[in-house]
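In what follows, a structure is listed as structure tokens, so that the remarks can point back to it.
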Amino acid sequence: MHGVDSDDAPVPLLCANGLYKHLHPPSLAFWRARQARTILRDIHLSIQAGERIGLAGVSGAGKTTLLNLLLALKGADAGSITCQGRAVRPASVRALRWYRRLVQYIPQDPAASLDPRMSVRDLIREPLVRLSVEGNHTRRIDEALDRVGLDRKFLSHRPGALSGGQAQRVAIARAVALRPRLLLADEPLSGLDLPVRARVMQLFDDMSRLDGTAFVIISHDLAVMPRLCERTLILHDGAIIEDRPTAALFEAPAHEHTKALVHAAHLDHDITSMMPATPATALYPVS
Ligand SMILES: Nc1ncnc2c1ncn2[C@@H]1O[C@H](COP(=O)(O)OP(=O)(O)OP(=O)(O)O)[C@@H](O)[C@H]1O
Ligand SMILES: [Mg+2]
């Protein structure tokens, strides 16, 4: 259980305070320093256990950069991140092991993140070994594969023998096998066909409802947010311009940029209507 502070308010699982990230031109010449571009500005974010937060914004808004900061893959130029009250910043693999066990990641291009020389079994096992996770790894691997709806025959396959959607599910299984408290997912649904999308959405539902896993789900397509996230943040030009319950954001978008995203989401076919009454697995058995 997460702790409480002196005011009895729950301590957030993850907290970002005033994050800035600047992009410096390659040259160190003094006159060029003035050309540094700010790609994230004054980001404040608080994530509670089990919460599902959507992060949307047009291409180049800074979504992946923010995720990289939250993952301590990159350092912020200003501001701080804490997880359960502990400071988080880039450090050695060993020093960050506690954090990697709690906070996992589905990369934007998952297929490219898989080592082509490794079997699916070894790909899912590798983080369990690297992070010294105790317990029965074989059971965790089988369970993760089941949860993403991949047949066990794929365990011996290498990434080159997988379709894009299958490789994406292996990347998701790698994160899921660690049973993280927070999962940061960068466009986890793009590249998946509708039945598999529904399956992954159901998995995220189950993880947050049954296991108390929190999520930050990035999508440039707002249409997935009502189904997936109770709260949605809009990032524009490196700043959070909205942070509201998803329903309220759709009903009355406050900013022009949000209105455009909501409009685009309504123009798209509505995959949200596929869900929630019947479990995806019953609708679409996936292998
Ligand atoms: N390594 C880099 N070198 C140069 N510019 C970068 C680099 N990384 C990010 N940027 C710039 O930072 C800004 C934010 O990029 P980021 O990848 O975070 O956007 P995004 O919201 O994830 O976009 P997308 O939806 O296309 O994935 C962009 O303007 C991008 O050009
Ligand atoms: Mg991105």
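Here's how to read the names in the structure tokens: chain A, B, ... by the order shown, residue numbers from 1 in each chain, ligand numbers from 1 in the order shown.
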List the spatial neighbours of Lys74 of chain A as a list of chain:residue names - criterion: any atom at most 10 Å away, only C-alpha atoms, same-chain residues fewer than 5 positions off excluded.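 Close residues of Lys74 of chain A: A:Lys21, A:Thr65, A:Leu66, A:Leu67, A:Asn68, A:Leu69, A:Arg89, A:Pro90, A:Ala91.
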List as a tab-separated table every residue of segment 170-201 of chain A that is in contact with segment 140-146 of chain A, defined as an atom at most 10 Å from one of its atoms (using only C-alpha atoms), together with the nearest atom pair and the distance in Å rounded to one decimal, sorted by chain and then rising number.
```
residue	atom	partner	partner_atom	distance
A:Val170	CA	A:Leu145	CA	7.4
A:Ile172	CA	A:Ala144	CA	8.5
A:Ala173	CA	A:Ala144	CA	5.0
A:Arg174	CA	A:Ala144	CA	7.5
A:Ala175	CA	A:Ala144	CA	8.7
A:Val176	CA	A:Ala144	CA	6.0
A:Ala177	CA	A:Ala144	CA	5.2
A:Leu178	CA	A:Arg140	CA	8.0
A:Arg179	CA	A:Arg140	CA	9.1
```
Could you list, as a PyMOL selection string, all residues that come within 7 Å of ligand 1? Count only C-alpha atoms and all ligand atoms. chain A and resi 23+39+57-66+220
In terms of the shortest atom-to-atom distance over only C-alpha atoms, which of A:Met201, A:Ala87, A:Leu71, A:Ala239 is closest to Leu189 of chain A?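 So, comparing all the options, the nearest one is A:Met201.
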Could you give me the residues within segment 50-205 of chain A that DSSP places in strand (DSSP E), as a ChimeraX atom specification? /A:52-56,78-83,86-87,103-106,182-186
Under the rule that only C-alpha atoms are counted, which of A:Leu184, A:Ala198, A:Ile217, A:Ala78 is the nearest residue to Val103 of chain A?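 Result for the nearest residue to Val103 of chain A: A:Leu184.
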Quick one: residues within 12 Å of Leu210 of chain A, only C-alpha atoms, excluding same-chain residues fewer than 4 positions away - as a PyMOL selection string? chain A and resi 49-50+179+181+202-206+214
Export of prior selection with N, CA and C atoms as an mmCIF file, in the first residue's frame:
```cif
data_model
loop_
_atom_site.group_PDB
_atom_site.id
_atom_site.type_symbol
_atom_site.label_atom_id
_atom_site.label_comp_id
_atom_site.auth_asym_id
_atom_site.auth_seq_id
_atom_site.Cartn_x
_atom_site.Cartn_y
_atom_site.Cartn_z
ATOM 1 N N ALA A 49 -1.644 5.745 -7.438
ATOM 2 C CA ALA A 49 -1.718 4.305 -7.709
ATOM 3 C C ALA A 49 -3.025 3.986 -8.440
ATOM 4 N N GLY A 50 -2.939 3.171 -9.463
ATOM 5 C CA GLY A 50 -4.128 2.702 -10.180
ATOM 6 C C GLY A 50 -4.721 3.709 -11.154
ATOM 7 N N ARG A 179 5.166 -6.951 -13.650
ATOM 8 C CA ARG A 179 4.072 -6.498 -12.771
ATOM 9 C C ARG A 179 4.389 -5.128 -12.166
ATOM 10 N N ARG A 181 4.184 -1.108 -10.992
ATOM 11 C CA ARG A 181 3.161 -0.273 -10.335
ATOM 12 C C ARG A 181 2.719 0.841 -11.274
ATOM 13 N N GLN A 202 -8.291 -4.161 -22.860
ATOM 14 C CA GLN A 202 -8.839 -4.977 -21.777
ATOM 15 C C GLN A 202 -7.753 -5.323 -20.768
ATOM 16 N N LEU A 203 -6.557 -5.614 -21.272
ATOM 17 C CA LEU A 203 -5.426 -5.929 -20.395
ATOM 18 C C LEU A 203 -5.109 -4.741 -19.479
ATOM 19 N N PHE A 204 -5.061 -3.545 -20.061
ATOM 20 C CA PHE A 204 -4.766 -2.348 -19.254
ATOM 21 C C PHE A 204 -5.856 -2.146 -18.196
ATOM 22 N N ASP A 205 -7.114 -2.375 -18.594
ATOM 23 C CA ASP A 205 -8.238 -2.305 -17.641
ATOM 24 C C ASP A 205 -8.006 -3.235 -16.471
ATOM 25 N N ASP A 206 -7.711 -4.492 -16.807
ATOM 26 C CA ASP A 206 -7.537 -5.513 -15.769
ATOM 27 C C ASP A 206 -6.378 -5.144 -14.846
ATOM 28 N N ALA A 214 -0.852 1.769 -12.255
ATOM 29 C CA ALA A 214 -1.160 3.077 -12.843
ATOM 30 C C ALA A 214 -0.592 3.127 -14.258
#
```
